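Trainee: Coordinates in model15.txt, compact mmCIF, C-alpha atoms, are listed below.
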# COMPACT_ATOMS: atom_id res chain seq x y z
CA MET A 1 15.56 -49.25 -37.54
CA LYS A 2 16.53 -46.95 -34.70
CA THR A 3 14.58 -44.09 -36.34
CA LEU A 4 11.47 -46.27 -36.59
CA ARG A 5 11.71 -47.23 -32.92
CA ASN A 6 11.89 -43.53 -31.91
CA ARG A 7 8.95 -42.51 -34.10
CA PRO A 8 6.22 -43.05 -31.42
CA PHE A 9 8.19 -40.97 -28.96
CA LEU A 10 8.63 -38.19 -31.53
CA LEU A 11 4.92 -38.22 -32.35
CA ILE A 12 3.96 -37.91 -28.68
CA LEU A 13 6.47 -35.10 -28.16
CA SER A 14 5.14 -33.24 -31.21
CA ALA A 15 1.58 -33.56 -29.94
CA ILE A 16 2.55 -32.10 -26.54
CA VAL A 17 4.27 -29.14 -28.23
CA LEU A 18 1.25 -28.46 -30.45
CA LEU A 19 -1.13 -28.54 -27.49
CA ASN A 20 1.01 -26.02 -25.61
CA ILE A 21 1.00 -23.49 -28.45
CA SER A 22 -2.65 -23.85 -29.34
CA GLY A 23 -3.75 -21.24 -26.77
CA CYS A 24 -6.81 -23.26 -25.74
CA TRP A 25 -6.63 -22.96 -21.96
CA SER A 26 -10.35 -22.87 -21.25
CA PRO A 27 -13.62 -24.03 -22.91
CA VAL A 28 -15.03 -20.51 -22.45
CA GLU A 29 -14.21 -18.02 -25.22
CA LEU A 30 -12.79 -14.60 -24.33
CA ASN A 31 -15.78 -12.80 -25.79
CA GLU A 32 -18.01 -14.79 -23.44
CA ARG A 33 -16.19 -13.60 -20.32
CA ALA A 34 -16.67 -10.56 -18.07
CA PHE A 35 -13.32 -9.64 -16.52
CA VAL A 36 -13.46 -8.14 -13.03
CA ASN A 37 -10.89 -5.36 -12.56
CA LEU A 38 -12.20 -3.96 -9.29
CA MET A 39 -13.92 -5.67 -6.36
CA MET A 40 -15.62 -3.62 -3.65
CA ILE A 41 -17.11 -5.24 -0.55
CA ASP A 42 -19.12 -3.64 2.23
CA MET A 43 -21.71 -4.46 4.88
CA ASN A 44 -25.09 -2.74 4.93
CA ASP A 45 -27.19 -1.72 7.92
CA ASN A 46 -28.98 -5.11 7.91
CA GLY A 47 -25.72 -7.00 8.35
CA GLN A 48 -25.74 -8.31 4.77
CA PHE A 49 -22.75 -8.31 2.48
CA GLU A 50 -22.76 -5.83 -0.38
CA LEU A 51 -20.65 -6.95 -3.33
CA THR A 52 -19.79 -4.59 -6.20
CA LEU A 53 -17.82 -5.73 -9.24
CA GLY A 54 -16.27 -3.36 -11.78
CA PHE A 55 -15.91 -4.46 -15.39
CA PRO A 56 -14.08 -2.74 -18.28
CA LEU A 57 -16.24 -2.66 -21.42
CA ALA A 58 -14.10 -3.48 -24.44
CA ASN A 59 -16.81 -2.47 -26.90
CA ARG A 60 -16.67 1.11 -25.54
CA MET A 61 -12.91 1.56 -25.58
CA ILE A 62 -12.60 1.91 -29.37
CA PRO A 63 -11.50 5.42 -30.41
CA GLY A 64 -14.17 7.14 -32.45
CA ASP A 65 -17.44 5.57 -33.46
CA VAL A 66 -16.48 2.48 -35.43
CA GLY A 67 -19.31 1.11 -37.52
CA GLY A 68 -21.76 3.68 -36.18
CA SER A 69 -22.34 1.64 -32.99
CA GLY A 70 -22.62 4.72 -30.80
CA GLN A 71 -20.71 2.96 -27.98
CA ALA A 72 -17.45 4.93 -28.06
CA ASN A 73 -18.85 7.98 -26.27
CA LYS A 74 -20.34 6.01 -23.36
CA ASP A 75 -18.64 5.12 -20.07
CA PRO A 76 -16.04 2.37 -20.67
CA PHE A 77 -16.51 0.88 -17.20
CA ALA A 78 -19.57 -0.74 -15.59
CA TYR A 79 -20.45 -1.59 -11.98
CA VAL A 80 -22.88 -4.24 -10.78
CA THR A 81 -23.95 -4.46 -7.12
CA LYS A 82 -25.86 -7.14 -5.25
CA THR A 83 -26.41 -7.93 -1.57
CA GLY A 84 -26.71 -11.28 0.16
CA LYS A 85 -26.33 -13.04 3.47
CA ASN A 86 -22.95 -14.18 2.18
CA LEU A 87 -20.66 -13.22 -0.68
CA ALA A 88 -21.33 -16.40 -2.66
CA GLN A 89 -25.02 -15.54 -2.85
CA ALA A 90 -24.29 -11.96 -3.90
CA LEU A 91 -21.92 -13.20 -6.62
CA GLN A 92 -24.53 -15.65 -7.90
CA ASP A 93 -27.10 -12.85 -8.15
CA ILE A 94 -24.64 -10.72 -10.14
CA GLN A 95 -23.89 -13.63 -12.47
CA SER A 96 -27.62 -14.17 -13.05
CA ASP A 97 -27.93 -10.65 -14.46
CA LEU A 98 -24.93 -10.85 -16.83
CA SER A 99 -24.69 -12.30 -20.32
CA ARG A 100 -21.06 -13.29 -19.78
CA ASP A 101 -19.22 -15.54 -17.33
CA ILE A 102 -17.53 -13.65 -14.49
CA THR A 103 -13.80 -14.24 -14.12
CA PHE A 104 -11.41 -12.86 -11.48
CA GLY A 105 -8.21 -13.47 -13.45
CA GLN A 106 -7.60 -9.74 -13.91
CA THR A 107 -8.71 -8.50 -10.49
CA ARG A 108 -5.90 -6.38 -9.10
CA ILE A 109 -7.71 -4.06 -6.67
CA ILE A 110 -9.93 -4.88 -3.67
CA VAL A 111 -11.60 -2.08 -1.70
CA LEU A 112 -13.20 -2.88 1.66
CA GLY A 113 -15.76 -0.69 3.37
CA HIS A 114 -15.09 0.81 6.81
CA LYS A 115 -18.07 -0.92 8.43
CA LEU A 116 -17.10 -4.31 7.05
CA VAL A 117 -13.52 -4.05 8.32
CA GLN A 118 -14.79 -3.13 11.79
CA HIS A 119 -16.79 -6.39 11.89
CA GLY A 120 -13.94 -8.46 10.46
CA ILE A 121 -12.81 -9.61 7.03
CA ASP A 122 -12.61 -13.37 7.62
CA PRO A 123 -15.68 -14.03 5.40
CA VAL A 124 -13.97 -12.09 2.61
CA LEU A 125 -10.72 -14.05 2.95
CA ASP A 126 -12.64 -17.33 2.99
CA PHE A 127 -14.60 -16.36 -0.14
CA ILE A 128 -11.55 -15.23 -2.12
CA SER A 129 -9.32 -18.12 -1.10
CA ARG A 130 -11.84 -20.54 -2.65
CA HIS A 131 -11.59 -18.93 -6.09
CA LEU A 132 -8.50 -20.41 -7.73
CA ALA A 133 -8.40 -17.78 -10.50
CA PHE A 134 -8.04 -14.96 -7.98
CA HIS A 135 -4.57 -13.38 -7.83
CA ILE A 136 -3.39 -13.03 -4.23
CA SER A 137 -1.08 -10.23 -5.44
CA ALA A 138 -4.13 -7.93 -5.65
CA ASN A 139 -3.78 -4.73 -3.62
CA VAL A 140 -6.18 -4.08 -0.75
CA PHE A 141 -7.51 -0.67 0.37
CA ILE A 142 -9.99 0.48 3.01
CA PHE A 143 -12.58 3.11 2.11
CA PRO A 144 -13.58 5.58 4.86
CA GLY A 145 -17.36 5.51 4.25
CA LYS A 146 -19.76 3.46 2.17
CA VAL A 147 -17.70 1.80 -0.48
CA LEU A 148 -20.27 2.50 -3.22
CA ASP A 149 -19.39 6.20 -2.95
CA LEU A 150 -16.10 5.30 -4.64
CA ILE A 151 -17.98 5.10 -7.95
CA GLU A 152 -18.41 8.89 -7.83
CA THR A 153 -14.64 9.38 -8.18
CA PRO A 154 -13.91 11.60 -11.20
CA THR A 155 -11.54 9.95 -13.66
CA THR A 156 -9.76 13.19 -14.49
CA PHE A 157 -6.26 11.84 -15.15
CA GLU A 158 -7.06 8.15 -15.75
CA ARG A 159 -9.99 6.39 -17.42
CA PHE A 160 -10.54 3.79 -14.70
CA ILE A 161 -10.61 3.93 -10.90
CA PRO A 162 -8.49 0.73 -10.54
CA VAL A 163 -5.70 2.45 -12.51
CA ILE A 164 -5.77 5.37 -10.07
CA LEU A 165 -5.56 3.09 -7.05
CA ARG A 166 -2.77 1.02 -8.56
CA ALA A 167 -0.81 4.21 -9.31
CA TYR A 168 -0.86 5.13 -5.60
CA VAL A 169 1.04 1.91 -4.90
CA ASP A 170 3.37 2.06 -7.91
CA GLN A 171 4.36 5.64 -7.07
CA LYS A 172 4.86 4.62 -3.42
CA GLN A 173 2.40 7.16 -2.11
CA THR A 174 0.84 4.63 0.24
CA ILE A 175 1.48 1.23 1.81
CA ASP A 176 1.73 -1.74 -0.53
CA THR A 177 -0.50 -4.32 1.15
CA THR A 178 -1.61 -7.28 -0.92
CA LEU A 179 -4.10 -10.05 -0.36
CA ARG A 180 -1.14 -12.38 0.13
CA ASP A 181 0.13 -10.24 3.01
CA ILE A 182 -3.26 -10.25 4.73
CA LEU A 183 -3.74 -14.00 4.28
CA ARG A 184 -0.28 -14.67 5.70
CA ALA A 185 -0.85 -12.38 8.68
CA ARG A 186 -4.25 -13.96 9.35
CA TYR A 187 -2.83 -17.48 9.12
CA GLU A 188 -0.13 -16.59 11.66
CA SER A 189 -2.60 -14.68 13.89
CA GLY A 190 -0.48 -11.64 13.19
CA ASP A 191 -1.09 -7.94 12.64
CA ILE A 192 -0.82 -5.84 9.50
CA LEU A 193 -1.24 -2.31 8.16
CA VAL A 194 -3.75 -1.67 5.36
CA PRO A 195 -3.82 1.67 3.49
CA MET A 196 -6.78 4.00 3.97
CA LEU A 197 -8.27 6.11 1.20
CA SER A 198 -9.62 9.63 1.56
CA PHE A 199 -12.73 10.94 -0.16
CA SER A 200 -13.07 14.67 0.20
CA LYS A 201 -14.09 17.80 -1.64
CA GLN A 202 -12.49 18.19 -5.03
CA PRO A 203 -10.10 21.08 -5.82
CA ALA A 204 -12.18 24.08 -6.91
CA ILE A 205 -10.73 24.42 -10.43
CA LEU A 206 -11.36 20.78 -11.31
CA ALA A 207 -14.78 20.76 -9.67
CA LYS A 208 -16.06 23.17 -12.32
CA ARG A 209 -15.20 20.72 -15.08
CA GLU A 210 -16.34 17.46 -13.49
CA ARG A 211 -19.76 16.02 -12.71
CA THR A 212 -18.95 15.52 -9.05
CA GLU A 213 -17.28 17.53 -6.31
CA LYS A 214 -15.68 14.46 -4.75
CA TRP A 215 -11.94 13.75 -4.90
CA LEU A 216 -10.11 10.50 -4.19
CA GLY A 217 -6.74 10.41 -2.45
CA VAL A 218 -4.59 8.51 0.05
CA ASP A 219 -4.83 8.96 3.79
CA GLY A 220 -3.46 7.04 6.76
CA ALA A 221 -3.50 3.33 7.51
CA ALA A 222 -5.63 0.94 9.54
CA ILE A 223 -4.28 -1.73 11.86
CA LEU A 224 -5.83 -5.15 11.33
CA LYS A 225 -5.58 -7.53 14.26
CA ARG A 226 -6.87 -11.05 13.65
CA GLY A 227 -8.71 -9.79 10.61
CA ARG A 228 -10.46 -6.88 12.33
CA MET A 229 -9.68 -3.17 12.37
CA ILE A 230 -8.68 -1.80 15.76
CA SER A 231 -7.77 1.60 17.21
CA PRO A 232 -5.85 3.76 16.67
CA ILE A 233 -6.00 4.53 12.95
CA LEU A 234 -2.67 5.90 11.80
CA ASN A 235 -2.79 9.40 10.33
CA LYS A 236 -1.16 10.33 7.03
CA LYS A 237 2.10 11.41 8.68
CA GLU A 238 2.38 8.09 10.53
CA MET A 239 1.54 6.20 7.33
CA ARG A 240 4.43 7.90 5.56
CA SER A 241 6.67 7.00 8.50
CA ALA A 242 5.62 3.40 7.94
CA LEU A 243 6.87 3.73 4.34
CA LEU A 244 10.21 4.87 5.75
CA VAL A 245 10.37 1.89 8.09
CA GLU A 246 9.46 -0.53 5.30
CA SER A 247 12.00 1.08 2.90
CA ASN A 248 9.16 1.45 0.43
CA ILE A 249 9.14 5.14 -0.38
CA ARG A 250 10.39 7.04 -3.40
CA ASP A 251 10.78 10.40 -1.69
CA ILE A 252 9.25 12.41 1.12
CA THR A 253 9.19 16.12 1.96
CA ILE A 254 10.20 16.89 5.55
CA SER A 255 10.42 20.29 7.23
CA ILE A 256 12.47 21.01 10.35
CA LYS A 257 13.32 24.01 12.50
CA SER A 258 16.77 25.39 11.83
CA PRO A 259 19.22 24.65 14.67
CA THR A 260 20.55 28.23 14.40
CA ASP A 261 17.46 30.45 14.38
CA GLY A 262 14.43 28.13 14.54
CA LYS A 263 13.16 29.01 11.07
CA ASP A 264 11.86 26.43 8.58
CA ILE A 265 14.10 24.40 6.29
CA THR A 266 12.44 21.88 3.96
CA PHE A 267 14.14 18.78 2.53
CA ASN A 268 13.41 16.18 -0.09
CA VAL A 269 14.47 12.83 1.43
CA GLN A 270 15.26 9.94 -0.93
CA HIS A 271 16.90 6.49 -1.14
CA VAL A 272 15.68 5.50 2.31
CA ASN A 273 16.61 2.07 3.59
CA THR A 274 15.75 0.72 7.05
CA ARG A 275 17.19 -2.47 8.48
CA PHE A 276 15.88 -4.37 11.49
CA LYS A 277 18.45 -5.95 13.78
CA ALA A 278 17.46 -8.27 16.61
CA LYS A 279 19.86 -8.13 19.58
CA ILE A 280 20.14 -9.86 22.94
CA LYS A 281 21.12 -8.11 26.18
CA ASN A 282 21.14 -10.07 29.45
CA ASN A 283 19.12 -12.79 27.71
CA VAL A 284 16.42 -10.21 26.89
CA PRO A 285 15.69 -9.31 23.24
CA TYR A 286 15.75 -5.77 21.90
CA PHE A 287 15.65 -4.25 18.42
CA ARG A 288 17.62 -1.63 16.57
CA LEU A 289 16.17 0.08 13.50
CA HIS A 290 18.91 1.62 11.38
CA THR A 291 17.66 4.07 8.73
CA LYS A 292 19.87 5.56 6.04
CA GLY A 293 19.05 8.01 3.27
CA THR A 294 19.96 11.10 1.31
CA ALA A 295 18.43 14.57 1.39
CA SER A 296 18.35 17.77 -0.65
CA VAL A 297 17.37 21.25 0.50
CA LEU A 298 14.17 22.46 -1.18
CA THR A 299 13.51 25.73 0.67
CA SER A 300 15.13 27.61 3.53
CA ASP A 301 14.01 30.61 5.59
CA SER A 302 17.00 30.26 7.89
CA ASN A 303 20.21 32.27 8.00
CA LEU A 304 22.15 29.01 8.37
CA ASP A 305 25.16 29.00 6.00
CA LEU A 306 25.21 25.73 4.05
CA ARG A 307 28.84 26.36 3.03
CA ASN A 308 29.91 26.02 6.66
CA GLU A 309 30.86 22.40 7.28
CA ASP A 310 30.08 22.50 10.99
CA GLN A 311 26.63 23.96 10.38
CA LEU A 312 26.04 21.43 7.60
CA ILE A 313 26.80 18.53 9.96
CA LEU A 314 24.52 20.07 12.58
CA LEU A 315 21.74 20.33 10.00
CA GLN A 316 22.12 16.67 9.02
CA LYS A 317 21.87 15.61 12.66
CA THR A 318 18.77 17.77 13.17
CA LEU A 319 17.09 16.18 10.15
CA GLY A 320 18.05 12.73 11.44
CA ARG A 321 16.48 13.46 14.83
CA GLU A 322 13.24 14.59 13.14
CA ILE A 323 13.00 11.33 11.18
CA GLN A 324 13.93 9.39 14.32
CA ASP A 325 11.11 11.10 16.25
CA ARG A 326 8.64 10.26 13.48
CA ILE A 327 9.63 6.60 13.46
CA MET A 328 9.39 6.31 17.25
CA GLN A 329 6.01 8.05 17.22
CA LEU A 330 4.82 5.40 14.76
CA ILE A 331 6.28 2.57 16.84
CA ASN A 332 4.59 3.92 19.98
CA SER A 333 1.24 4.03 18.16
CA THR A 334 1.57 0.36 17.28
CA ARG A 335 2.58 -0.40 20.88
CA LYS A 336 -0.63 1.20 22.15
CA ALA A 337 -2.54 -1.09 19.81
CA ARG A 338 -0.46 -4.10 20.93
CA ALA A 339 0.08 -4.78 17.24
CA ASP A 340 3.41 -5.97 15.84
CA VAL A 341 2.63 -4.69 12.33
CA PHE A 342 6.28 -4.82 11.21
CA HIS A 343 6.59 -8.48 12.25
CA LEU A 344 9.57 -8.08 14.55
CA LYS A 345 8.76 -11.50 15.94
CA ASP A 346 9.88 -13.03 12.62
CA TYR A 347 13.34 -11.49 12.95
CA LEU A 348 13.61 -12.70 16.54
CA SER A 349 12.43 -16.25 15.80
CA TRP A 350 14.86 -16.57 12.87
CA LYS A 351 17.94 -15.32 14.72
CA TYR A 352 17.30 -16.36 18.33
CA PRO A 353 14.78 -19.22 18.31
CA ALA A 354 15.46 -20.18 21.93
CA VAL A 355 14.82 -16.62 23.17
CA TRP A 356 11.72 -16.39 20.98
CA ARG A 357 10.22 -19.48 22.58
CA GLY A 358 10.50 -17.74 25.95
CA VAL A 359 8.37 -14.73 24.91
CA LYS A 360 6.20 -16.35 22.24
CA SER A 361 3.19 -17.08 24.47
CA ASP A 362 2.67 -13.42 25.38
CA TRP A 363 4.43 -11.65 22.54
CA ASN A 364 1.93 -8.82 21.94
CA GLU A 365 2.01 -7.81 25.59
CA PHE A 366 5.81 -8.03 25.64
CA TYR A 367 5.99 -5.94 22.45
CA ALA A 368 3.69 -3.28 23.91
CA LYS A 369 5.29 -2.86 27.33
CA GLU A 370 8.73 -4.47 27.62
CA LEU A 371 10.48 -4.74 24.25
CA GLU A 372 13.23 -2.14 23.87
CA ILE A 373 13.29 -0.59 20.40
CA GLU A 374 16.02 1.82 19.33
CA SER A 375 15.97 3.96 16.18
CA LEU A 376 19.20 5.19 14.56
CA VAL A 377 19.04 7.54 11.56
CA ASP A 378 21.90 8.58 9.26
CA MET A 379 21.01 11.22 6.69
CA LYS A 380 23.51 12.47 4.12
CA LEU A 381 22.87 15.93 2.69
CA LEU A 382 23.77 15.76 -1.01
CA ARG A 383 22.45 18.97 -2.55
CA THR A 384 21.90 22.38 -1.04
CA GLY A 385 20.97 24.29 -4.20
CA GLU A 386 22.58 27.41 -5.58
CA ALA A 387 21.55 29.58 -2.62
CA TYR A 388 23.66 28.76 0.41
CA GLN A 389 21.58 31.06 2.59
CA THR A 390 18.05 32.37 2.48
CA ILE A 391 17.46 35.04 -0.19
CA LYS A 392 16.41 37.53 2.51
CA THR A 393 19.79 37.21 4.23
CA GLU A 394 21.69 37.76 0.98
CA GLU A 395 19.53 40.80 0.11
CA SER A 396 20.21 42.40 3.50
CA ARG A 397 23.96 42.02 2.91
CA ASP A 398 23.72 43.68 -0.51
CA THR A 399 21.91 46.76 0.89
CA ARG A 400 24.57 47.50 3.50
I'd like the structure from this file rewritten - as structure tokens, please.
Mentor:
Amino acid sequence: MKTLRNRPFLLILSAIVLLNISGCWSPVELNERAFVNLMMIDMNDNGQFELTLGFPLANRMIPGDVGGSGQANKDPFAYVTKTGKNLAQALQDIQSDLSRDITFGQTRIIVLGHKLVQHGIDPVLDFISRHLAFHISANVFIFPGKVLDLIETPTTFERFIPVILRAYVDQKQTIDTTLRDILRARYESGDILVPMLSFSKQPAILAKRERTEKWLGVDGAAILKRGRMISPILNKKEMRSALLVESNIRDITISIKSPTDGKDITFNVQHVNTRFKAKIKNNVPYFRLHTKGTASVLTSDSNLDLRNEDQLILLQKTLGREIQDRIMQLINSTRKARADVFHLKDYLSWKYPAVWRGVKSDWNEFYAKELEIESLVDMKLLRTGEAYQTIKTEESRDTR
């Protein structure tokens, strides 16, 4: 009798399990969908929005020519562009020309044009936030010119442009800024760094084999303040310093002048970790940035003897001062822009809420002119290579 009483419950439970494994999550079939991998947004000279969507073409990704379709040798990626007074209108015009339903479930890269970012990206954020299928983990980049020029990028090492852009982030060659980060900063009326792309002349050897002379790469970073790009734009060196500050860098090559003879010594710096510490002195907040890492000697033109412990310690301190100078140069650039791009206010509000309330009303001005920021750098030299001195020095000894 007990088994009979439990039978309705077991039937309902079985039905729920079967529904979960059926795979039917939408009334639209996969072969009726057009998956957007890349979204590019710009503003034209008439003040209209220019929306470009990039779609991978599954029917052209099959190796060889299956069934004699003739599709395998064609480009496996398509772009569709429309303009409109708003992004919703441009999207509707694109949808009207396609035989499949557009879906943003696989959109991982968003590229914004330089002109659009100067005017402000609030319309973009509003448009994207209203599409529930859009992943806010998508990475955002800024293109230096007209964003449509990005299509001319040669896919020499990868088949698709979104894969190239994603690799820049995965390999930690540029800042990892997502749509989530921008939305959060905008909601809090905060500031944020967004990576800039470069689009220059292609290396000569590759240019002979490709259809275009253009070459895509990473550059500096733009400061967004209340959703709009402001001056100054960080150069590539400052952008890499930002990676050091955010502890989001795999390795970086740094050259310094030898403390003994002023000649170049180049290091590979790795395992960098920077911690922010909010402090209070005389009821006034200040910050200490403590950066640690390891380094290896790549090249040396100096006569400095790396077997000498005293000279080795001196070299480590010299490298630390160089990194310290780079970090402070970056901090000073953000001060000029009155932009707290590293969100120091969050550290202060978490640890000293009462002090934060005293400076909250005019934080950007306080950050730019009054906040004391100290940078401490500890670098540990792990490897010096087989040559303890420059080859020229060793040769001169052998000829004596």
Trainee: Tell me, as a ChimeraX atom specification, which residues lie within 7 Å of segment 312-325 of chain A, counting all atoms listed in the file; anything in the same chain fewer than 5 positions away does not count.
Mentor: /A:256,259,306,375-381
Trainee: Provide the atom CA of Asn235 of chain A to atom CA of Leu330 of chain A distance in Å, to one decimal place.
Mentor: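 For atom CA of Asn235 of chain A relative to atom CA of Leu330 of chain A, the distance reads 9.7 Å.
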Trainee: Considering only C-alpha atoms, can you say which of A:Lys146, A:Ser302, A:Ile249, A:Ser189 comes closest to Asp176 of chain A?
Mentor: A:Ile249
Trainee: Using all atoms listed in the file for the distances, tell me which of A:Phe127, A:Tyr79, A:Phe35, A:Phe157 is nearest to Gly105 of chain A.
Mentor: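 Answer, going by the shortest atom-to-atom distance: A:Phe35.
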Trainee: If you count all atoms listed in the file, which residues fall within 10 Å of Ala78 of chain A, apart from same-chain ones fewer than 2 positions away, as a list in words?
Mentor: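 Once the adjacent positions are removed, what remains is Val36, Leu53, Gly54, Phe55, Pro56, Leu57, Asp75, Pro76, Val80 and Ile151 of chain A.
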Trainee: Kindly save the residues from that selection, with C-alpha atoms included, as a PDB file, in the frame of the given file.
Mentor:
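Wrote result.pdb, looks like this:
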ATOM      1  CA  VAL A  36     -13.460  -8.140 -13.030  1.00  0.00           C
ATOM      2  CA  LEU A  53     -17.820  -5.730  -9.240  1.00  0.00           C
ATOM      3  CA  GLY A  54     -16.270  -3.360 -11.780  1.00  0.00           C
ATOM      4  CA  PHE A  55     -15.910  -4.460 -15.390  1.00  0.00           C
ATOM      5  CA  PRO A  56     -14.080  -2.740 -18.280  1.00  0.00           C
ATOM      6  CA  LEU A  57     -16.240  -2.660 -21.420  1.00  0.00           C
ATOM      7  CA  ASP A  75     -18.640   5.120 -20.070  1.00  0.00           C
ATOM      8  CA  PRO A  76     -16.040   2.370 -20.670  1.00  0.00           C
ATOM      9  CA  VAL A  80     -22.880  -4.240 -10.780  1.00  0.00           C
ATOM     10  CA  ILE A 151     -17.980   5.100  -7.950  1.00  0.00           C
TER      11      ILE A 151
END
Trainee: For Val194 of chain A, which residue out of A:Asp93, A:Glu365, A:Asp126, A:Asp219 is the nearest one, using all atoms listed in the file?
Mentor: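 Using all atoms listed in the file, the shortest distance to Val194 of chain A belongs to A:Asp219.
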Trainee: Find the distance between atom CA of Asn268 of chain A and atom CA of Leu298 of chain A and write it in Å to one decimal.
Mentor: 6.4 Å
